[in-house]
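Novice: The following file, protein-v3.txt, comprises compact mmCIF, C-alpha atoms:
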```txt
# COMPACT_ATOMS: atom_id res chain seq x y z
CA MET E 1 -8.54 -34.83 11.66
CA GLU E 2 -5.03 -33.88 10.54
CA ILE E 3 -4.88 -30.52 8.78
CA VAL E 4 -1.70 -29.86 6.83
CA ARG E 5 -2.73 -26.86 4.76
CA ILE E 6 -5.27 -24.07 5.17
CA GLY E 7 -6.52 -21.43 2.78
CA LEU E 8 -7.90 -18.34 4.48
CA ASP E 9 -9.97 -15.74 2.66
CA LEU E 10 -9.55 -12.42 4.46
CA ALA E 11 -12.32 -9.90 4.97
CA LYS E 12 -13.23 -7.08 7.31
CA ASN E 13 -15.53 -9.13 9.54
CA VAL E 14 -16.26 -12.62 8.14
CA PHE E 15 -13.41 -14.99 7.20
CA GLU E 16 -13.67 -18.26 5.27
CA VAL E 17 -11.38 -21.19 6.14
CA HIS E 18 -10.65 -24.20 3.94
CA GLY E 19 -8.34 -26.96 5.20
CA VAL E 20 -7.04 -30.18 3.65
CA ASP E 21 -5.19 -33.23 4.93
CA ALA E 22 -2.05 -34.89 3.60
CA GLN E 23 -4.08 -36.50 0.78
CA ASP E 24 -5.47 -33.12 -0.29
CA GLN E 25 -8.92 -34.09 0.93
CA ALA E 26 -11.04 -31.28 2.36
CA VAL E 27 -11.39 -31.79 6.11
CA LEU E 28 -12.30 -28.29 7.21
CA LYS E 29 -14.73 -25.70 5.90
CA LYS E 30 -15.56 -22.99 8.37
CA THR E 31 -16.76 -19.41 8.60
CA LEU E 32 -15.21 -17.28 11.33
CA ARG E 33 -15.97 -13.86 12.70
CA ARG E 34 -12.92 -11.62 12.93
CA VAL E 35 -12.81 -11.75 16.73
CA ALA E 36 -12.60 -15.56 16.64
CA VAL E 37 -9.84 -15.99 14.05
CA ALA E 38 -6.78 -15.78 16.32
CA GLN E 39 -8.38 -18.01 18.95
CA PHE E 40 -9.29 -20.63 16.32
CA PHE E 41 -5.75 -20.82 14.93
CA ALA E 42 -4.24 -20.80 18.43
CA VAL E 43 -5.68 -24.25 19.16
CA LEU E 44 -4.78 -25.77 15.79
CA PRO E 45 -1.60 -27.85 15.49
CA PRO E 46 1.04 -26.02 13.40
CA CYS E 47 0.24 -26.17 9.69
CA LEU E 48 0.72 -24.24 6.46
CA VAL E 49 -1.59 -21.21 6.24
CA GLY E 50 -2.06 -19.35 2.96
CA MET E 51 -3.68 -16.00 2.22
CA GLU E 52 -3.91 -13.61 -0.68
CA ALA E 53 -1.46 -10.72 -0.39
CA CYS E 54 -3.92 -7.92 0.28
CA SER E 55 -4.85 -5.35 2.90
CA GLY E 56 -4.34 -6.87 6.35
CA SER E 57 -2.51 -9.98 5.15
CA HIS E 58 0.86 -8.99 6.64
CA TYR E 59 -0.78 -8.36 10.01
CA TRP E 60 -2.43 -11.79 10.02
CA ALA E 61 0.77 -13.40 8.77
CA LYS E 62 2.53 -12.17 11.90
CA VAL E 63 -0.32 -13.34 14.13
CA PHE E 64 -0.26 -16.86 12.68
CA ALA E 65 3.54 -17.05 12.65
CA ASP E 66 3.58 -16.13 16.34
CA LEU E 67 1.16 -19.01 16.93
CA GLY E 68 3.62 -21.44 15.32
CA HIS E 69 2.13 -21.75 11.83
CA GLU E 70 4.01 -21.45 8.54
CA VAL E 71 2.53 -18.61 6.48
CA ARG E 72 2.56 -18.04 2.73
CA LEU E 73 1.14 -15.06 0.89
CA VAL E 74 0.07 -15.37 -2.74
CA SER E 75 -0.62 -12.63 -5.24
CA PRO E 76 -4.38 -12.63 -6.07
CA GLN E 77 -3.63 -13.07 -9.78
CA PHE E 78 -2.04 -16.45 -9.05
CA VAL E 79 -5.05 -17.61 -7.04
CA THR E 80 -7.67 -16.85 -9.70
CA PRO E 81 -6.87 -19.87 -11.93
CA TYR E 82 -7.65 -22.22 -9.04
CA VAL E 83 -11.19 -20.94 -8.40
CA LYS E 84 -13.28 -23.92 -9.51
CA SER E 85 -16.73 -22.35 -9.76
CA ASN E 86 -18.44 -19.04 -9.08
CA LYS E 87 -16.21 -16.58 -7.28
CA ASN E 88 -17.18 -16.17 -3.64
CA ASP E 89 -15.35 -16.11 -0.32
CA ARG E 90 -15.66 -19.85 0.33
CA ASN E 91 -14.44 -20.79 -3.16
CA ASP E 92 -11.63 -18.27 -2.83
CA ALA E 93 -10.46 -19.94 0.40
CA GLU E 94 -10.40 -23.31 -1.37
CA ALA E 95 -8.48 -21.81 -4.31
CA ILE E 96 -5.91 -20.27 -1.95
CA CYS E 97 -5.48 -23.61 -0.22
CA GLU E 98 -4.78 -25.30 -3.53
CA ALA E 99 -2.51 -22.53 -4.82
CA ILE E 100 -0.14 -22.59 -1.85
CA GLY E 101 0.33 -26.34 -2.30
CA ARG E 102 1.75 -25.93 -5.80
CA PRO E 103 5.53 -26.51 -5.81
CA SER E 104 6.12 -23.91 -8.53
CA MET E 105 4.04 -21.18 -6.88
CA ARG E 106 5.67 -17.79 -6.31
CA PHE E 107 4.99 -16.24 -2.92
CA VAL E 108 4.99 -12.69 -1.61
CA PRO E 109 7.46 -12.08 1.23
CA VAL E 110 5.82 -11.19 4.54
CA LYS E 111 6.69 -7.62 5.52
CA SER E 112 7.97 -6.71 8.96
CA ALA E 113 6.36 -3.98 11.05
CA GLU E 114 9.27 -1.68 10.15
CA GLN E 115 8.77 -2.29 6.43
CA LEU E 116 5.05 -1.56 6.72
CA GLU E 117 5.80 1.71 8.54
CA ILE E 118 8.23 2.82 5.83
CA GLN E 119 5.71 1.83 3.18
CA ALA E 120 3.02 3.89 4.92
CA VAL E 121 5.25 6.99 4.86
CA HIS E 122 5.86 6.53 1.13
CA ARG E 123 2.19 6.00 0.33
CA ILE E 124 1.04 9.08 2.22
CA ARG E 125 3.78 11.19 0.62
CA GLN E 126 2.79 9.91 -2.84
CA ARG E 127 -0.84 10.73 -2.17
CA LEU E 128 0.15 14.30 -1.20
CA VAL E 129 2.25 14.62 -4.37
CA SER E 130 -0.74 13.44 -6.42
CA ASP E 131 -3.00 15.94 -4.64
CA ARG E 132 -0.55 18.73 -5.50
CA THR E 133 -0.41 17.67 -9.14
CA ARG E 134 -4.21 17.67 -9.40
CA LEU E 135 -4.38 21.09 -7.76
CA VAL E 136 -1.79 22.57 -10.13
CA ASN E 137 -3.51 21.09 -13.19
CA GLN E 138 -6.86 22.42 -12.04
CA ILE E 139 -5.69 26.00 -11.54
CA ARG E 140 -3.77 25.95 -14.83
CA GLY E 141 -6.97 24.92 -16.60
CA LEU E 142 -9.03 27.61 -14.88
CA LEU E 143 -6.49 30.31 -15.69
CA SER E 144 -6.26 29.22 -19.32
CA GLU E 145 -10.01 29.82 -19.67
CA HIS E 146 -9.26 33.47 -18.88
CA GLY E 147 -6.43 33.69 -21.38
CA LEU E 148 -3.58 33.18 -18.92
CA VAL E 149 -1.50 30.17 -19.99
CA VAL E 150 1.10 28.92 -17.51
CA ALA E 151 3.81 26.36 -18.34
CA ARG E 152 3.64 22.93 -16.70
CA ASP E 153 6.71 23.54 -14.56
CA ILE E 154 5.49 23.83 -10.97
CA SER E 155 7.86 26.72 -10.27
CA ARG E 156 6.13 28.65 -13.06
CA ILE E 157 2.71 28.12 -11.52
CA ARG E 158 4.00 29.24 -8.12
CA HIS E 159 5.39 32.40 -9.71
CA ALA E 160 2.15 33.05 -11.60
CA LEU E 161 0.02 32.61 -8.48
CA SER E 162 2.25 35.02 -6.57
CA GLN E 163 1.99 37.59 -9.34
CA ILE E 164 -1.80 37.32 -9.41
CA ALA E 165 -2.17 37.35 -5.62
CA ASN E 166 -0.01 40.48 -5.42
CA GLY E 167 -1.99 42.24 -8.14
CA ILE E 168 0.85 42.23 -10.68
CA ASP E 169 0.43 41.77 -14.43
CA HIS E 170 -3.05 40.34 -14.79
CA MET E 171 -6.55 41.30 -15.89
CA LEU E 172 -8.57 38.87 -13.81
CA GLY E 173 -11.79 39.48 -11.92
CA ALA E 174 -11.84 39.95 -8.16
CA MET E 175 -13.51 36.61 -7.48
CA LEU E 176 -10.94 34.67 -9.51
CA VAL E 177 -8.10 36.50 -7.75
CA GLU E 178 -9.61 35.47 -4.43
CA LEU E 179 -9.76 31.85 -5.62
CA VAL E 180 -6.16 32.06 -6.77
CA CYS E 181 -5.15 33.23 -3.29
CA ASP E 182 -6.92 30.22 -1.78
CA VAL E 183 -5.17 27.86 -4.18
CA ARG E 184 -1.82 29.49 -3.47
CA GLU E 185 -2.33 28.93 0.25
CA GLU E 186 -3.36 25.32 -0.33
CA LEU E 187 -0.36 24.74 -2.57
CA ASN E 188 1.98 26.16 0.07
CA GLU E 189 0.47 23.86 2.68
CA LEU E 190 0.94 20.83 0.42
CA ASP E 191 4.55 21.88 -0.26
CA GLN E 192 5.21 22.03 3.48
CA ARG E 193 3.61 18.64 4.15
CA ILE E 194 5.50 16.98 1.29
CA ALA E 195 8.75 18.50 2.55
CA ALA E 196 8.00 17.14 6.04
CA TYR E 197 7.50 13.63 4.66
CA LYS E 198 10.67 13.94 2.60
CA LYS E 199 12.55 14.81 5.79
CA ARG E 200 10.99 11.82 7.52
CA ILE E 201 12.20 9.59 4.70
CA ARG E 202 15.72 11.03 5.01
CA ASP E 203 15.63 10.28 8.75
CA LEU E 204 14.52 6.70 8.04
CA PHE E 205 17.31 6.38 5.51
CA ARG E 206 19.95 7.51 7.98
CA SER E 207 18.70 5.20 10.75
CA ASN E 208 18.36 2.03 8.65
CA GLU E 209 21.49 -0.01 7.91
CA MET E 210 20.01 -1.70 4.85
CA CYS E 211 19.02 1.68 3.39
CA GLN E 212 22.55 2.92 3.95
CA ARG E 213 23.99 -0.04 2.06
CA ILE E 214 21.59 0.42 -0.87
CA GLY E 215 22.30 4.16 -0.88
CA LYS E 216 25.95 3.46 -1.72
CA VAL E 217 24.84 2.46 -5.22
CA GLU E 218 25.33 5.36 -7.60
CA GLY E 219 22.09 7.12 -8.47
CA ILE E 220 20.09 5.78 -5.52
CA GLY E 221 19.00 8.29 -2.91
CA PRO E 222 16.94 8.13 0.29
CA ILE E 223 13.54 7.87 -1.44
CA THR E 224 14.52 4.96 -3.69
CA ALA E 225 16.52 3.18 -0.98
CA THR E 226 13.73 3.30 1.60
CA ALA E 227 11.16 2.27 -1.02
CA LEU E 228 13.27 -0.78 -1.89
CA VAL E 229 13.64 -1.77 1.76
CA ALA E 230 9.87 -1.39 2.26
CA ALA E 231 9.24 -3.59 -0.77
CA VAL E 232 11.77 -6.39 -0.35
CA GLY E 233 13.54 -5.96 2.99
CA ASP E 234 16.56 -8.23 3.46
CA ARG E 235 16.16 -9.52 -0.10
CA ALA E 236 17.32 -6.16 -1.44
```
Go ahead and express the file in the form of structure tokens.
Specialist:
Amino acid sequence: MEIVRIGLDLAKNVFEVHGVDAQDQAVLKKTLRRVAVAQFFAVLPPCLVGMEACSGSHYWAKVFADLGHEVRLVSPQFVTPYVKSNKNDRNDAEAICEAIGRPSMRFVPVKSAEQLEIQAVHRIRQRLVSDRTRLVNQIRGLLSEHGLVVARDISRIRHALSQIANGIDHMLGAMLVELVCDVREELNELDQRIAAYKKRIRDLFRSNEMCQRIGKVEGIGPITATALVAAVGDRA
């Protein structure tokens, strides 16, 4: 049995494998538990392994590459047209196997460990920024119900919260003032955490040669440069 191409459907615990030979005939259909995946591919002769670009795919790409296989990642939207019947894990593995064999297929570059780390910093920072935005919008809405309208500018909401917390220029009830103090404290904590991640990004920018080169382009700072390196690496 000569396997030249394998489609692997990733999951948390149960993986589906679909392999074909040089004539595109199915010669392997197998279900693997997570703990058995690396061992299974370790004994296979080197072949082309395809996966959808999703959570965990870059990790497995490195595992298979270290075992001598060629790895290709495909965006899920490009796999969908090749699903021949009802969508399930086994049919998805077959569709992936077919998709990676198409000469015109576009593939997703495999990210290095360094890229994934930079990406993680950006994603956590963005989640904190989103949390802050939701918090500001919530307190603005609550204050407006009591006749106190604050502009969208975040500096304005900080000023308004300080005024209320210090008992200046407001006619709000004691309970709402107490809630405002809680929100002010939470907002300050989010500001500090976001600032810490921004500093981490600046440190990554200074220590990464590719980021430094991208940063020489006018209008591109540490956040954009590190985000580009996380996304495309050496292709930047």
Novice: Quick one: distance from CA of Ala42 in chain E to CA of Phe64 in chain E in Å, one decimal?
Specialist: 8.0 Å
Novice: Near Ser104 in chain E, within 12 Å and counting all atoms listed in the file, which residues show up once chain neighbours fewer than 5 positions away are dropped, as a list in words?
Specialist: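 So, after excluding close chain neighbours, the residues are Val74, Phe78 and Ala99 of chain E.
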Novice: Excluding Ala65 in chain E and its own-chain neighbours fewer than 3 positions away, which residues fall within 12 Å of it when counting all atoms listed in the file? Please give them as number ranges by chain.
Specialist: E: 38, 41-42, 46-50, 57-62, 68-72, 110, 112
Novice: Quote the spacing between CA of Met175 in chain E and CA of Val129 in chain E in Å to one decimal place.
Specialist: 27.2 Å
Novice: In Å, with one decimal, what is the gap from CA of Ile194 in chain E to CA of Cys181 in chain E?
Specialist: 20.0 Å
Novice: Got a sec: who's within 9 Å of Asn13 in chain E, counting only C-alpha atoms, leaving out chain neighbours fewer than 4 positions off, as a PyMOL selection string?
Specialist: chain E and resi 32-35
Novice: Could you save the residues just selected, with C-alpha atoms, as an mmCIF file, keeping the file's coordinate frame?
Specialist:
```cif
data_model
loop_
_atom_site.group_PDB
_atom_site.id
_atom_site.type_symbol
_atom_site.label_atom_id
_atom_site.label_comp_id
_atom_site.auth_asym_id
_atom_site.auth_seq_id
_atom_site.Cartn_x
_atom_site.Cartn_y
_atom_site.Cartn_z
ATOM 1 C CA LEU E 32 -15.210 -17.280 11.330
ATOM 2 C CA ARG E 33 -15.970 -13.860 12.700
ATOM 3 C CA ARG E 34 -12.920 -11.620 12.930
ATOM 4 C CA VAL E 35 -12.810 -11.750 16.730
#
```
Novice: Counting all atoms listed in the file, which of E:Arg106, E:Ile154, E:Leu148, E:Gln192 gets nearest to Met171 in chain E?
Specialist: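 Closest to Met171 in chain E of all the choices is E:Leu148.
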Novice: Once 8 Å is added on each side, what are the centre and the three edge lengths, in Å to one decimal, of the axis-aligned box enclosing the listed atoms of range 161-167 of chain E? Present them as lines of an AutoDock Vina configuration file.
Specialist:
```
center_x = 0.0
center_y = 37.4
center_z = -7.4
size_x = 20.4
size_y = 25.6
size_z = 20.0
```
Novice: Give the answer as one residue: which of E:Glu52, E:Val229, E:Leu187, E:Ile124 has the shortest atom-to-atom distance to Gln138 in chain E, using all atoms listed in the file?
Specialist: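 With all atoms listed in the file as the atom set, the closest residue is E:Leu187.
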Novice: Which of these, E:Lys199, E:Lys84, E:Lys111, E:Arg140, has the shortest distance to Ile157 in chain E once you count only C-alpha atoms?
Specialist: E:Arg140
Novice: Mind checking which residues fall within 9 Å of His122 in chain E, counting all atoms listed in the file, ignoring those fewer than 2 positions away in the same chain, and posting them as an NGL selection string?
Specialist: :E and (117-120 or 124-127 or 197-198 or 201 or 223 or 226-227 or 230)
Novice: Anything within 9 Å of (-14.2, -24.8, 12.1): list those residues as a PDB file with C-alpha atoms, in the frame of the given file, counting all atoms listed in the file and sticking to the file's coordinates.
Specialist:
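Result went into out.pdb, see below:
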```pdb
ATOM      1  CA  VAL E  17     -11.380 -21.190   6.140  1.00  0.00           C
ATOM      2  CA  HIS E  18     -10.650 -24.200   3.940  1.00  0.00           C
ATOM      3  CA  LEU E  28     -12.300 -28.290   7.210  1.00  0.00           C
ATOM      4  CA  LYS E  29     -14.730 -25.700   5.900  1.00  0.00           C
ATOM      5  CA  LYS E  30     -15.560 -22.990   8.370  1.00  0.00           C
ATOM      6  CA  THR E  31     -16.760 -19.410   8.600  1.00  0.00           C
ATOM      7  CA  LEU E  32     -15.210 -17.280  11.330  1.00  0.00           C
ATOM      8  CA  PHE E  40      -9.290 -20.630  16.320  1.00  0.00           C
TER       9      PHE E  40
END
```
Novice: Return the single residue from E:Leu172, E:Leu161, E:Ile139, E:Val121 that is closest to Arg200 in chain E, with distances computed using only C-alpha atoms.
Specialist: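 Smallest distance to Arg200 in chain E is found for E:Val121.
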Novice: Using all atoms listed in the file, which of E:Leu143, E:Val136, E:Leu116, E:Val37 sits nearest Leu228 in chain E?
Specialist: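 Among E:Leu143, E:Val136, E:Leu116, E:Val37, it is E:Leu116 that comes nearest to Leu228 in chain E.
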